[in-house]
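Below is structure-v7.cif, holding mmCIF, all heavy atoms.
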data_entry
loop_
_atom_site.group_PDB
_atom_site.id
_atom_site.type_symbol
_atom_site.label_atom_id
_atom_site.label_comp_id
_atom_site.auth_asym_id
_atom_site.auth_seq_id
_atom_site.Cartn_x
_atom_site.Cartn_y
_atom_site.Cartn_z
ATOM 1 N N MET A 1 -8.091 6.339 13.143
ATOM 2 C CA MET A 1 -8.817 7.434 12.560
ATOM 3 C C MET A 1 -8.019 7.963 11.375
ATOM 4 O O MET A 1 -6.819 8.147 11.465
ATOM 5 C CB MET A 1 -9.008 8.531 13.620
ATOM 6 C CG MET A 1 -9.478 9.842 13.046
ATOM 7 S SD MET A 1 -9.855 11.143 14.244
ATOM 8 C CE MET A 1 -8.294 11.416 15.025
ATOM 9 N N GLU A 2 -8.698 8.195 10.278
ATOM 10 C CA GLU A 2 -8.084 8.809 9.098
ATOM 11 C C GLU A 2 -8.719 10.171 8.880
ATOM 12 O O GLU A 2 -9.939 10.296 8.857
ATOM 13 C CB GLU A 2 -8.324 7.958 7.854
ATOM 14 C CG GLU A 2 -7.469 6.731 7.791
ATOM 15 C CD GLU A 2 -7.581 6.028 6.452
ATOM 16 O OE1 GLU A 2 -7.681 6.697 5.408
ATOM 17 O OE2 GLU A 2 -7.580 4.797 6.469
ATOM 18 N N LYS A 3 -7.891 11.188 8.748
ATOM 19 C CA LYS A 3 -8.375 12.549 8.518
ATOM 20 C C LYS A 3 -7.500 13.245 7.497
ATOM 21 O O LYS A 3 -6.305 12.986 7.401
ATOM 22 C CB LYS A 3 -8.352 13.377 9.805
ATOM 23 C CG LYS A 3 -9.289 12.894 10.874
ATOM 24 C CD LYS A 3 -10.722 13.143 10.482
ATOM 25 C CE LYS A 3 -11.663 12.647 11.558
ATOM 26 N NZ LYS A 3 -13.036 12.815 11.222
ATOM 27 N N THR A 4 -8.111 14.140 6.722
ATOM 28 C CA THR A 4 -7.370 15.023 5.822
ATOM 29 C C THR A 4 -7.319 16.389 6.488
ATOM 30 O O THR A 4 -8.335 16.904 6.950
ATOM 31 C CB THR A 4 -8.068 15.130 4.456
ATOM 32 O OG1 THR A 4 -8.130 13.830 3.874
ATOM 33 C CG2 THR A 4 -7.324 16.069 3.523
ATOM 34 N N ILE A 5 -6.129 16.959 6.539
ATOM 35 C CA ILE A 5 -5.923 18.242 7.195
ATOM 36 C C ILE A 5 -5.412 19.242 6.166
ATOM 37 O O ILE A 5 -4.440 18.978 5.466
ATOM 38 C CB ILE A 5 -4.913 18.106 8.350
ATOM 39 C CG1 ILE A 5 -5.461 17.127 9.385
ATOM 40 C CG2 ILE A 5 -4.616 19.468 8.973
ATOM 41 C CD1 ILE A 5 -4.497 16.802 10.493
ATOM 42 N N ALA A 6 -6.105 20.387 6.072
ATOM 43 C CA ALA A 6 -5.684 21.451 5.164
ATOM 44 C C ALA A 6 -4.562 22.254 5.809
ATOM 45 O O ALA A 6 -4.643 22.625 6.973
ATOM 46 C CB ALA A 6 -6.855 22.368 4.840
ATOM 47 N N LEU A 7 -3.515 22.482 5.045
ATOM 48 C CA LEU A 7 -2.387 23.303 5.515
ATOM 49 C C LEU A 7 -2.415 24.633 4.777
ATOM 50 O O LEU A 7 -2.458 24.667 3.551
ATOM 51 C CB LEU A 7 -1.065 22.594 5.242
ATOM 52 C CG LEU A 7 -0.881 21.215 5.867
ATOM 53 C CD1 LEU A 7 0.462 20.635 5.438
ATOM 54 C CD2 LEU A 7 -0.985 21.280 7.371
ATOM 55 N N ILE A 8 -2.379 25.716 5.548
ATOM 56 C CA ILE A 8 -2.363 27.056 4.961
ATOM 57 C C ILE A 8 -1.127 27.778 5.507
ATOM 58 O O ILE A 8 -1.175 28.416 6.546
ATOM 59 C CB ILE A 8 -3.647 27.837 5.311
ATOM 60 C CG1 ILE A 8 -4.880 27.021 4.927
ATOM 61 C CG2 ILE A 8 -3.654 29.193 4.617
ATOM 62 C CD1 ILE A 8 -6.189 27.603 5.401
ATOM 63 N N PRO A 9 0.015 27.630 4.810
ATOM 64 C CA PRO A 9 1.265 28.155 5.341
ATOM 65 C C PRO A 9 1.349 29.675 5.428
ATOM 66 O O PRO A 9 2.068 30.199 6.260
ATOM 67 C CB PRO A 9 2.329 27.619 4.399
ATOM 68 C CG PRO A 9 1.644 26.926 3.303
ATOM 69 C CD PRO A 9 0.197 26.899 3.582
ATOM 70 N N GLY A 10 0.645 30.401 4.592
ATOM 71 C CA GLY A 10 0.698 31.866 4.647
ATOM 72 C C GLY A 10 2.053 32.405 4.237
ATOM 73 O O GLY A 10 2.733 31.855 3.389
ATOM 74 N N ASP A 11 2.461 33.482 4.892
ATOM 75 C CA ASP A 11 3.754 34.090 4.576
ATOM 76 C C ASP A 11 4.471 34.417 5.880
ATOM 77 O O ASP A 11 3.978 34.139 6.958
ATOM 78 C CB ASP A 11 3.572 35.343 3.719
ATOM 79 C CG ASP A 11 2.706 36.395 4.368
ATOM 80 O OD1 ASP A 11 2.229 36.163 5.498
ATOM 81 O OD2 ASP A 11 2.470 37.446 3.775
ATOM 82 N N GLY A 12 5.628 34.976 5.769
ATOM 83 C CA GLY A 12 6.383 35.304 6.977
ATOM 84 C C GLY A 12 6.799 34.046 7.727
ATOM 85 O O GLY A 12 7.457 33.185 7.178
ATOM 86 N N ILE A 13 6.382 33.934 8.996
ATOM 87 C CA ILE A 13 6.735 32.754 9.780
ATOM 88 C C ILE A 13 5.790 31.584 9.518
ATOM 89 O O ILE A 13 6.016 30.494 10.004
ATOM 90 C CB ILE A 13 6.758 33.065 11.296
ATOM 91 C CG1 ILE A 13 5.371 33.423 11.805
ATOM 92 C CG2 ILE A 13 7.784 34.129 11.616
ATOM 93 C CD1 ILE A 13 5.253 33.427 13.314
ATOM 94 N N GLY A 14 4.724 31.805 8.768
ATOM 95 C CA GLY A 14 3.714 30.782 8.528
ATOM 96 C C GLY A 14 4.253 29.434 8.101
ATOM 97 O O GLY A 14 3.920 28.411 8.706
ATOM 98 N N PRO A 15 5.083 29.376 7.054
ATOM 99 C CA PRO A 15 5.581 28.073 6.604
ATOM 100 C C PRO A 15 6.374 27.334 7.679
ATOM 101 O O PRO A 15 6.257 26.110 7.812
ATOM 102 C CB PRO A 15 6.475 28.430 5.410
ATOM 103 C CG PRO A 15 5.925 29.713 4.894
ATOM 104 C CD PRO A 15 5.461 30.449 6.131
ATOM 105 N N ASP A 16 7.158 28.055 8.461
ATOM 106 C CA ASP A 16 7.934 27.418 9.531
ATOM 107 C C ASP A 16 7.024 26.841 10.602
ATOM 108 O O ASP A 16 7.255 25.743 11.113
ATOM 109 C CB ASP A 16 8.903 28.411 10.170
ATOM 110 C CG ASP A 16 9.966 28.887 9.197
ATOM 111 O OD1 ASP A 16 10.260 28.149 8.242
ATOM 112 O OD2 ASP A 16 10.490 30.000 9.390
ATOM 113 N N VAL A 17 5.982 27.587 10.950
ATOM 114 C CA VAL A 17 5.041 27.128 11.975
ATOM 115 C C VAL A 17 4.288 25.900 11.478
ATOM 116 O O VAL A 17 4.102 24.934 12.220
ATOM 117 C CB VAL A 17 4.072 28.262 12.370
ATOM 118 C CG1 VAL A 17 2.984 27.756 13.299
ATOM 119 C CG2 VAL A 17 4.827 29.416 13.007
ATOM 120 N N VAL A 18 3.855 25.918 10.228
ATOM 121 C CA VAL A 18 3.130 24.778 9.667
ATOM 122 C C VAL A 18 4.025 23.539 9.635
ATOM 123 O O VAL A 18 3.570 22.440 9.985
ATOM 124 C CB VAL A 18 2.578 25.112 8.258
ATOM 125 C CG1 VAL A 18 2.032 23.870 7.564
ATOM 126 C CG2 VAL A 18 1.493 26.167 8.358
ATOM 127 N N ASP A 19 5.275 23.683 9.260
ATOM 128 C CA ASP A 19 6.195 22.538 9.233
ATOM 129 C C ASP A 19 6.324 21.903 10.609
ATOM 130 O O ASP A 19 6.312 20.674 10.748
ATOM 131 C CB ASP A 19 7.580 22.968 8.737
ATOM 132 C CG ASP A 19 7.604 23.304 7.254
ATOM 133 O OD1 ASP A 19 6.664 22.915 6.526
ATOM 134 O OD2 ASP A 19 8.584 23.957 6.828
ATOM 135 N N GLU A 20 6.435 22.721 11.642
ATOM 136 C CA GLU A 20 6.554 22.199 13.006
ATOM 137 C C GLU A 20 5.248 21.566 13.471
ATOM 138 O O GLU A 20 5.253 20.544 14.163
ATOM 139 C CB GLU A 20 7.001 23.303 13.968
ATOM 140 C CG GLU A 20 8.401 23.817 13.685
ATOM 141 C CD GLU A 20 9.469 22.736 13.701
ATOM 142 O OE1 GLU A 20 9.476 21.916 14.638
ATOM 143 O OE2 GLU A 20 10.293 22.700 12.768
ATOM 144 N N ALA A 21 4.128 22.154 13.086
ATOM 145 C CA ALA A 21 2.825 21.596 13.452
ATOM 146 C C ALA A 21 2.632 20.216 12.835
ATOM 147 O O ALA A 21 2.086 19.305 13.473
ATOM 148 C CB ALA A 21 1.702 22.535 13.014
ATOM 149 N N VAL A 22 3.093 20.031 11.590
ATOM 150 C CA VAL A 22 2.992 18.726 10.932
ATOM 151 C C VAL A 22 3.822 17.687 11.691
ATOM 152 O O VAL A 22 3.387 16.545 11.865
ATOM 153 C CB VAL A 22 3.426 18.820 9.450
ATOM 154 C CG1 VAL A 22 3.621 17.445 8.831
ATOM 155 C CG2 VAL A 22 2.397 19.618 8.653
ATOM 156 N N LYS A 23 4.978 18.088 12.189
ATOM 157 C CA LYS A 23 5.803 17.166 12.983
ATOM 158 C C LYS A 23 5.052 16.709 14.235
ATOM 159 O O LYS A 23 5.073 15.534 14.599
ATOM 160 C CB LYS A 23 7.130 17.827 13.374
ATOM 161 C CG LYS A 23 8.077 18.039 12.214
ATOM 162 C CD LYS A 23 9.335 18.738 12.688
ATOM 163 C CE LYS A 23 10.244 19.114 11.540
ATOM 164 N NZ LYS A 23 11.430 19.865 11.995
ATOM 165 N N VAL A 24 4.389 17.660 14.891
ATOM 166 C CA VAL A 24 3.624 17.331 16.102
ATOM 167 C C VAL A 24 2.466 16.404 15.754
ATOM 168 O O VAL A 24 2.221 15.400 16.434
ATOM 169 C CB VAL A 24 3.113 18.619 16.788
ATOM 170 C CG1 VAL A 24 2.142 18.285 17.919
ATOM 171 C CG2 VAL A 24 4.273 19.445 17.300
ATOM 172 N N LEU A 25 1.732 16.727 14.692
ATOM 173 C CA LEU A 25 0.602 15.882 14.290
ATOM 174 C C LEU A 25 1.060 14.476 13.914
ATOM 175 O O LEU A 25 0.379 13.494 14.233
ATOM 176 C CB LEU A 25 -0.148 16.533 13.121
ATOM 177 C CG LEU A 25 -0.977 17.755 13.493
ATOM 178 C CD1 LEU A 25 -1.439 18.470 12.234
ATOM 179 C CD2 LEU A 25 -2.158 17.360 14.353
ATOM 180 N N ASN A 26 2.204 14.366 13.248
ATOM 181 C CA ASN A 26 2.722 13.041 12.901
ATOM 182 C C ASN A 26 3.086 12.246 14.145
ATOM 183 O O ASN A 26 2.846 11.034 14.206
ATOM 184 C CB ASN A 26 3.923 13.155 11.961
ATOM 185 C CG ASN A 26 3.522 13.542 10.564
ATOM 186 O OD1 ASN A 26 2.395 13.310 10.132
ATOM 187 N ND2 ASN A 26 4.439 14.144 9.833
ATOM 188 N N ALA A 27 3.638 12.905 15.149
ATOM 189 C CA ALA A 27 3.966 12.222 16.398
ATOM 190 C C ALA A 27 2.697 11.722 17.086
ATOM 191 O O ALA A 27 2.650 10.596 17.597
ATOM 192 C CB ALA A 27 4.745 13.154 17.321
ATOM 193 N N VAL A 28 1.655 12.545 17.103
ATOM 194 C CA VAL A 28 0.371 12.143 17.688
ATOM 195 C C VAL A 28 -0.212 10.969 16.911
ATOM 196 O O VAL A 28 -0.699 9.996 17.500
ATOM 197 C CB VAL A 28 -0.616 13.335 17.696
ATOM 198 C CG1 VAL A 28 -2.023 12.883 18.049
ATOM 199 C CG2 VAL A 28 -0.137 14.414 18.645
ATOM 200 N N ALA A 29 -0.161 11.049 15.594
ATOM 201 C CA ALA A 29 -0.701 9.981 14.751
ATOM 202 C C ALA A 29 0.023 8.663 15.013
ATOM 203 O O ALA A 29 -0.616 7.618 15.176
ATOM 204 C CB ALA A 29 -0.594 10.362 13.275
ATOM 205 N N ASN A 30 1.336 8.710 15.077
ATOM 206 C CA ASN A 30 2.117 7.489 15.304
ATOM 207 C C ASN A 30 1.822 6.882 16.666
ATOM 208 O O ASN A 30 1.715 5.665 16.806
ATOM 209 C CB ASN A 30 3.613 7.777 15.169
ATOM 210 C CG ASN A 30 4.019 8.047 13.744
ATOM 211 O OD1 ASN A 30 3.366 7.610 12.801
ATOM 212 N ND2 ASN A 30 5.103 8.780 13.565
ATOM 213 N N LYS A 31 1.680 7.719 17.667
ATOM 214 C CA LYS A 31 1.444 7.234 19.022
ATOM 215 C C LYS A 31 0.064 6.609 19.185
ATOM 216 O O LYS A 31 -0.117 5.675 19.958
ATOM 217 C CB LYS A 31 1.614 8.378 20.018
ATOM 218 C CG LYS A 31 1.471 7.954 21.457
ATOM 219 C CD LYS A 31 1.807 9.067 22.418
ATOM 220 C CE LYS A 31 1.696 8.556 23.846
ATOM 221 N NZ LYS A 31 2.104 9.555 24.817
ATOM 222 N N ASN A 32 -0.919 7.123 18.434
ATOM 223 C CA ASN A 32 -2.308 6.719 18.640
ATOM 224 C C ASN A 32 -2.915 5.925 17.483
ATOM 225 O O ASN A 32 -4.122 5.681 17.473
ATOM 226 C CB ASN A 32 -3.161 7.951 18.923
ATOM 227 C CG ASN A 32 -2.759 8.626 20.213
ATOM 228 O OD1 ASN A 32 -2.885 8.059 21.278
ATOM 229 N ND2 ASN A 32 -2.222 9.838 20.109
ATOM 230 N N GLY A 33 -2.098 5.565 16.504
ATOM 231 C CA GLY A 33 -2.590 4.756 15.396
ATOM 232 C C GLY A 33 -3.478 5.493 14.407
ATOM 233 O O GLY A 33 -4.327 4.889 13.765
ATOM 234 N N HIS A 34 -3.296 6.799 14.305
ATOM 235 C CA HIS A 34 -4.083 7.596 13.363
ATOM 236 C C HIS A 34 -3.327 7.758 12.048
ATOM 237 O O HIS A 34 -2.110 7.563 11.986
ATOM 238 C CB HIS A 34 -4.375 8.991 13.926
ATOM 239 C CG HIS A 34 -5.098 8.986 15.228
ATOM 240 N ND1 HIS A 34 -6.168 8.176 15.499
ATOM 241 C CD2 HIS A 34 -4.893 9.714 16.358
ATOM 242 C CE1 HIS A 34 -6.600 8.401 16.727
ATOM 243 N NE2 HIS A 34 -5.827 9.326 17.276
ATOM 244 N N THR A 35 -4.053 8.158 11.009
ATOM 245 C CA THR A 35 -3.453 8.476 9.726
ATOM 246 C C THR A 35 -3.941 9.850 9.293
ATOM 247 O O THR A 35 -5.142 10.069 9.157
ATOM 248 C CB THR A 35 -3.854 7.445 8.650
ATOM 249 O OG1 THR A 35 -3.463 6.153 9.089
ATOM 250 C CG2 THR A 35 -3.200 7.757 7.316
ATOM 251 N N PHE A 36 -3.004 10.778 9.126
ATOM 252 C CA PHE A 36 -3.354 12.108 8.654
ATOM 253 C C PHE A 36 -2.799 12.298 7.249
ATOM 254 O O PHE A 36 -1.645 11.973 6.976
ATOM 255 C CB PHE A 36 -2.773 13.192 9.563
ATOM 256 C CG PHE A 36 -3.292 13.153 10.985
ATOM 257 C CD1 PHE A 36 -2.441 13.381 12.043
ATOM 258 C CD2 PHE A 36 -4.625 12.905 11.259
ATOM 259 C CE1 PHE A 36 -2.893 13.362 13.351
ATOM 260 C CE2 PHE A 36 -5.109 12.884 12.562
ATOM 261 C CZ PHE A 36 -4.230 13.111 13.618
ATOM 262 N N THR A 37 -3.643 12.836 6.371
ATOM 263 C CA THR A 37 -3.228 13.212 5.028
ATOM 264 C C THR A 37 -3.266 14.732 4.983
ATOM 265 O O THR A 37 -4.233 15.342 5.434
ATOM 266 C CB THR A 37 -4.192 12.638 3.970
ATOM 267 O OG1 THR A 37 -4.230 11.228 4.121
ATOM 268 C CG2 THR A 37 -3.745 12.989 2.564
ATOM 269 N N TYR A 38 -2.222 15.335 4.463
ATOM 270 C CA TYR A 38 -2.125 16.792 4.428
ATOM 271 C C TYR A 38 -2.347 17.307 3.018
ATOM 272 O O TYR A 38 -1.853 16.734 2.053
ATOM 273 C CB TYR A 38 -0.756 17.249 4.927
ATOM 274 C CG TYR A 38 -0.442 16.715 6.305
ATOM 275 C CD1 TYR A 38 0.457 15.671 6.475
ATOM 276 C CD2 TYR A 38 -1.059 17.230 7.430
ATOM 277 C CE1 TYR A 38 0.740 15.157 7.732
ATOM 278 C CE2 TYR A 38 -0.799 16.727 8.684
ATOM 279 C CZ TYR A 38 0.099 15.692 8.831
ATOM 280 O OH TYR A 38 0.370 15.186 10.067
ATOM 281 N N LYS A 39 -3.111 18.390 2.930
ATOM 282 C CA LYS A 39 -3.367 19.016 1.632
ATOM 283 C C LYS A 39 -3.003 20.498 1.752
ATOM 284 O O LYS A 39 -3.555 21.214 2.595
ATOM 285 C CB LYS A 39 -4.840 18.867 1.266
ATOM 286 C CG LYS A 39 -5.180 19.465 -0.072
ATOM 287 C CD LYS A 39 -6.614 19.174 -0.457
ATOM 288 C CE LYS A 39 -6.873 19.733 -1.842
ATOM 289 N NZ LYS A 39 -8.241 19.474 -2.278
ATOM 290 N N ASN A 40 -2.051 20.934 0.930
ATOM 291 C CA ASN A 40 -1.659 22.343 0.932
ATOM 292 C C ASN A 40 -2.740 23.169 0.268
ATOM 293 O O ASN A 40 -3.207 22.838 -0.826
ATOM 294 C CB ASN A 40 -0.333 22.548 0.203
ATOM 295 C CG ASN A 40 0.845 22.106 1.044
ATOM 296 O OD1 ASN A 40 0.944 22.423 2.214
ATOM 297 N ND2 ASN A 40 1.749 21.357 0.450
ATOM 298 N N VAL A 41 -3.119 24.231 0.929
ATOM 299 C CA VAL A 41 -4.130 25.139 0.415
ATOM 300 C C VAL A 41 -3.480 26.494 0.253
ATOM 301 O O VAL A 41 -2.831 26.999 1.166
ATOM 302 C CB VAL A 41 -5.325 25.258 1.390
ATOM 303 C CG1 VAL A 41 -6.345 26.256 0.874
ATOM 304 C CG2 VAL A 41 -5.970 23.897 1.623
ATOM 305 N N ILE A 42 -3.644 27.097 -0.901
ATOM 306 C CA ILE A 42 -3.067 28.410 -1.143
ATOM 307 C C ILE A 42 -4.166 29.451 -0.889
ATOM 308 O O ILE A 42 -5.179 29.474 -1.581
ATOM 309 C CB ILE A 42 -2.530 28.544 -2.589
ATOM 310 C CG1 ILE A 42 -1.412 27.526 -2.801
ATOM 311 C CG2 ILE A 42 -2.040 29.960 -2.854
ATOM 312 C CD1 ILE A 42 -0.898 27.457 -4.219
ATOM 313 N N ALA A 43 -3.962 30.251 0.141
ATOM 314 C CA ALA A 43 -4.944 31.285 0.483
ATOM 315 C C ALA A 43 -4.758 32.476 -0.439
ATOM 316 O O ALA A 43 -3.659 32.807 -0.839
ATOM 317 C CB ALA A 43 -4.773 31.714 1.933
ATOM 318 N N GLY A 44 -5.853 33.121 -0.734
ATOM 319 C CA GLY A 44 -5.714 34.326 -1.516
ATOM 320 C C GLY A 44 -6.757 34.479 -2.462
ATOM 321 O O GLY A 44 -7.376 35.092 -3.069
#

Transcribe the structure of this file into structure tokens.
Amino acid sequence: MEKTIALIPGDGIGPDVVDEAVKVLNAVANKNGHTFTYKNVIAG
């Protein structure tokens, strides 16, 4: 499965949480043969 995922880091702890979430998604992708493409979105 190939999917594009929008990342909205926000402020405060947001960027740290998003970085860790990407690590988890990459682990899931590797284990299950998926491909995720990430696109940073600036909210505001």

Reference answer for the PyMOL selection byres (((chain A and resi 33-41 and name CA) around 7) and name CA), as a PyMOL selection string | chain A and resi 1-8+29-32+42-43

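Picture a line from atom O of Asp11 in chain A to atom O of Val28 in chain A; it runs 26.8 Å.
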
Would you list, as a list in words, the residues of chain A that end up in strand (DSSP E or B) under DSSP run on this structure's backbone?
-> Glu2, Lys3, Thr4, Ile5, Ala6, Leu7, Thr35, Phe36, Thr37, Tyr38, Lys39 and Asn40 of chain A

Axis-aligned box for all listed atoms of range 21-38 of chain A, 8 Å per side, centre and edges in Å to one decimal, as AutoDock Vina command-line options:
--center_x 2.4 --center_y 13.6 --center_z 13.4 --size_x 34.0 --size_y 33.8 --size_z 38.8

Could you write out, as an mmCIF file with all heavy atoms, keeping the file's coordinate frame, all the residues of chain A that DSSP marks as alpha helix (DSSP H)?
data_model
loop_
_atom_site.group_PDB
_atom_site.id
_atom_site.type_symbol
_atom_site.label_atom_id
_atom_site.label_comp_id
_atom_site.auth_asym_id
_atom_site.auth_seq_id
_atom_site.Cartn_x
_atom_site.Cartn_y
_atom_site.Cartn_z
ATOM 1 N N GLY A 14 4.724 31.805 8.768
ATOM 2 C CA GLY A 14 3.714 30.782 8.528
ATOM 3 C C GLY A 14 4.253 29.434 8.101
ATOM 4 O O GLY A 14 3.920 28.411 8.706
ATOM 5 N N PRO A 15 5.083 29.376 7.054
ATOM 6 C CA PRO A 15 5.581 28.073 6.604
ATOM 7 C C PRO A 15 6.374 27.334 7.679
ATOM 8 O O PRO A 15 6.257 26.110 7.812
ATOM 9 C CB PRO A 15 6.475 28.430 5.410
ATOM 10 C CG PRO A 15 5.925 29.713 4.894
ATOM 11 C CD PRO A 15 5.461 30.449 6.131
ATOM 12 N N ASP A 16 7.158 28.055 8.461
ATOM 13 C CA ASP A 16 7.934 27.418 9.531
ATOM 14 C C ASP A 16 7.024 26.841 10.602
ATOM 15 O O ASP A 16 7.255 25.743 11.113
ATOM 16 C CB ASP A 16 8.903 28.411 10.170
ATOM 17 C CG ASP A 16 9.966 28.887 9.197
ATOM 18 O OD1 ASP A 16 10.260 28.149 8.242
ATOM 19 O OD2 ASP A 16 10.490 30.000 9.390
ATOM 20 N N VAL A 17 5.982 27.587 10.950
ATOM 21 C CA VAL A 17 5.041 27.128 11.975
ATOM 22 C C VAL A 17 4.288 25.900 11.478
ATOM 23 O O VAL A 17 4.102 24.934 12.220
ATOM 24 C CB VAL A 17 4.072 28.262 12.370
ATOM 25 C CG1 VAL A 17 2.984 27.756 13.299
ATOM 26 C CG2 VAL A 17 4.827 29.416 13.007
ATOM 27 N N VAL A 18 3.855 25.918 10.228
ATOM 28 C CA VAL A 18 3.130 24.778 9.667
ATOM 29 C C VAL A 18 4.025 23.539 9.635
ATOM 30 O O VAL A 18 3.570 22.440 9.985
ATOM 31 C CB VAL A 18 2.578 25.112 8.258
ATOM 32 C CG1 VAL A 18 2.032 23.870 7.564
ATOM 33 C CG2 VAL A 18 1.493 26.167 8.358
ATOM 34 N N ASP A 19 5.275 23.683 9.260
ATOM 35 C CA ASP A 19 6.195 22.538 9.233
ATOM 36 C C ASP A 19 6.324 21.903 10.609
ATOM 37 O O ASP A 19 6.312 20.674 10.748
ATOM 38 C CB ASP A 19 7.580 22.968 8.737
ATOM 39 C CG ASP A 19 7.604 23.304 7.254
ATOM 40 O OD1 ASP A 19 6.664 22.915 6.526
ATOM 41 O OD2 ASP A 19 8.584 23.957 6.828
ATOM 42 N N GLU A 20 6.435 22.721 11.642
ATOM 43 C CA GLU A 20 6.554 22.199 13.006
ATOM 44 C C GLU A 20 5.248 21.566 13.471
ATOM 45 O O GLU A 20 5.253 20.544 14.163
ATOM 46 C CB GLU A 20 7.001 23.303 13.968
ATOM 47 C CG GLU A 20 8.401 23.817 13.685
ATOM 48 C CD GLU A 20 9.469 22.736 13.701
ATOM 49 O OE1 GLU A 20 9.476 21.916 14.638
ATOM 50 O OE2 GLU A 20 10.293 22.700 12.768
ATOM 51 N N ALA A 21 4.128 22.154 13.086
ATOM 52 C CA ALA A 21 2.825 21.596 13.452
ATOM 53 C C ALA A 21 2.632 20.216 12.835
ATOM 54 O O ALA A 21 2.086 19.305 13.473
ATOM 55 C CB ALA A 21 1.702 22.535 13.014
ATOM 56 N N VAL A 22 3.093 20.031 11.590
ATOM 57 C CA VAL A 22 2.992 18.726 10.932
ATOM 58 C C VAL A 22 3.822 17.687 11.691
ATOM 59 O O VAL A 22 3.387 16.545 11.865
ATOM 60 C CB VAL A 22 3.426 18.820 9.450
ATOM 61 C CG1 VAL A 22 3.621 17.445 8.831
ATOM 62 C CG2 VAL A 22 2.397 19.618 8.653
ATOM 63 N N LYS A 23 4.978 18.088 12.189
ATOM 64 C CA LYS A 23 5.803 17.166 12.983
ATOM 65 C C LYS A 23 5.052 16.709 14.235
ATOM 66 O O LYS A 23 5.073 15.534 14.599
ATOM 67 C CB LYS A 23 7.130 17.827 13.374
ATOM 68 C CG LYS A 23 8.077 18.039 12.214
ATOM 69 C CD LYS A 23 9.335 18.738 12.688
ATOM 70 C CE LYS A 23 10.244 19.114 11.540
ATOM 71 N NZ LYS A 23 11.430 19.865 11.995
ATOM 72 N N VAL A 24 4.389 17.660 14.891
ATOM 73 C CA VAL A 24 3.624 17.331 16.102
ATOM 74 C C VAL A 24 2.466 16.404 15.754
ATOM 75 O O VAL A 24 2.221 15.400 16.434
ATOM 76 C CB VAL A 24 3.113 18.619 16.788
ATOM 77 C CG1 VAL A 24 2.142 18.285 17.919
ATOM 78 C CG2 VAL A 24 4.273 19.445 17.300
ATOM 79 N N LEU A 25 1.732 16.727 14.692
ATOM 80 C CA LEU A 25 0.602 15.882 14.290
ATOM 81 C C LEU A 25 1.060 14.476 13.914
ATOM 82 O O LEU A 25 0.379 13.494 14.233
ATOM 83 C CB LEU A 25 -0.148 16.533 13.121
ATOM 84 C CG LEU A 25 -0.977 17.755 13.493
ATOM 85 C CD1 LEU A 25 -1.439 18.470 12.234
ATOM 86 C CD2 LEU A 25 -2.158 17.360 14.353
ATOM 87 N N ASN A 26 2.204 14.366 13.248
ATOM 88 C CA ASN A 26 2.722 13.041 12.901
ATOM 89 C C ASN A 26 3.086 12.246 14.145
ATOM 90 O O ASN A 26 2.846 11.034 14.206
ATOM 91 C CB ASN A 26 3.923 13.155 11.961
ATOM 92 C CG ASN A 26 3.522 13.542 10.564
ATOM 93 O OD1 ASN A 26 2.395 13.310 10.132
ATOM 94 N ND2 ASN A 26 4.439 14.144 9.833
ATOM 95 N N ALA A 27 3.638 12.905 15.149
ATOM 96 C CA ALA A 27 3.966 12.222 16.398
ATOM 97 C C ALA A 27 2.697 11.722 17.086
ATOM 98 O O ALA A 27 2.650 10.596 17.597
ATOM 99 C CB ALA A 27 4.745 13.154 17.321
ATOM 100 N N VAL A 28 1.655 12.545 17.103
ATOM 101 C CA VAL A 28 0.371 12.143 17.688
ATOM 102 C C VAL A 28 -0.212 10.969 16.911
ATOM 103 O O VAL A 28 -0.699 9.996 17.500
ATOM 104 C CB VAL A 28 -0.616 13.335 17.696
ATOM 105 C CG1 VAL A 28 -2.023 12.883 18.049
ATOM 106 C CG2 VAL A 28 -0.137 14.414 18.645
ATOM 107 N N ALA A 29 -0.161 11.049 15.594
ATOM 108 C CA ALA A 29 -0.701 9.981 14.751
ATOM 109 C C ALA A 29 0.023 8.663 15.013
ATOM 110 O O ALA A 29 -0.616 7.618 15.176
ATOM 111 C CB ALA A 29 -0.594 10.362 13.275
ATOM 112 N N ASN A 30 1.336 8.710 15.077
ATOM 113 C CA ASN A 30 2.117 7.489 15.304
ATOM 114 C C ASN A 30 1.822 6.882 16.666
ATOM 115 O O ASN A 30 1.715 5.665 16.806
ATOM 116 C CB ASN A 30 3.613 7.777 15.169
ATOM 117 C CG ASN A 30 4.019 8.047 13.744
ATOM 118 O OD1 ASN A 30 3.366 7.610 12.801
ATOM 119 N ND2 ASN A 30 5.103 8.780 13.565
ATOM 120 N N LYS A 31 1.680 7.719 17.667
ATOM 121 C CA LYS A 31 1.444 7.234 19.022
ATOM 122 C C LYS A 31 0.064 6.609 19.185
ATOM 123 O O LYS A 31 -0.117 5.675 19.958
ATOM 124 C CB LYS A 31 1.614 8.378 20.018
ATOM 125 C CG LYS A 31 1.471 7.954 21.457
ATOM 126 C CD LYS A 31 1.807 9.067 22.418
ATOM 127 C CE LYS A 31 1.696 8.556 23.846
ATOM 128 N NZ LYS A 31 2.104 9.555 24.817
ATOM 129 N N ASN A 32 -0.919 7.123 18.434
ATOM 130 C CA ASN A 32 -2.308 6.719 18.640
ATOM 131 C C ASN A 32 -2.915 5.925 17.483
ATOM 132 O O ASN A 32 -4.122 5.681 17.473
ATOM 133 C CB ASN A 32 -3.161 7.951 18.923
ATOM 134 C CG ASN A 32 -2.759 8.626 20.213
ATOM 135 O OD1 ASN A 32 -2.885 8.059 21.278
ATOM 136 N ND2 ASN A 32 -2.222 9.838 20.109
#

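Atom O of Pro9 in chain A lies 13.8 Å from atom N of Lys23 in chain A.
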